[in-house]
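Structure, as structure tokens:
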Amino acid sequence: MKLYYRGVSYQYHPCKVSTTAVDFVGKYRGLNYRLGSAHGLPLVQDKVNLKYRGVSY
């Protein structure tokens, strides 16, 4: 997905996370909701060259 922030374009690649339904139902402010369990999360991020106001860090 191509995004823009203050005139600078960049590519955004979100991580894909699979979830499974859990039989736990919660209640928040009078509304019921079901919780999911995430698994298969990536543990290592790719190295990225970061810049702030033209200075790399």
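By convention here, the chains of the structure tokens are called A, B, ... in the order presented, each chain's residues are numbered starting at 1, and ligands are numbered starting at 1 in the order presented.
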
Check chain A with DSSP on the backbone and list each residue it calls strand (DSSP E or B), as a PyMOL selection string. chain A and resi 2-5+8-11+18-28+31-39+51-52+55-56

Identify, on the basis of only C-alpha atoms, every residue whose closest approach to A:Thr20 does not exceed 7 Å; exclude the query and any residue fewer than 3 positions from it along the same chain; express the result as a list in words.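 Everything that qualifies: Gly36, Ser37 and Ala38 of chain A.
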
Go ahead and compute the interatomic distance for atom CA of A:Asn49 and atom CA of A:Val17, in Å to one decimal.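 Taking atom CA of A:Asn49 and atom CA of A:Val17, their separation equals 24.6 Å.
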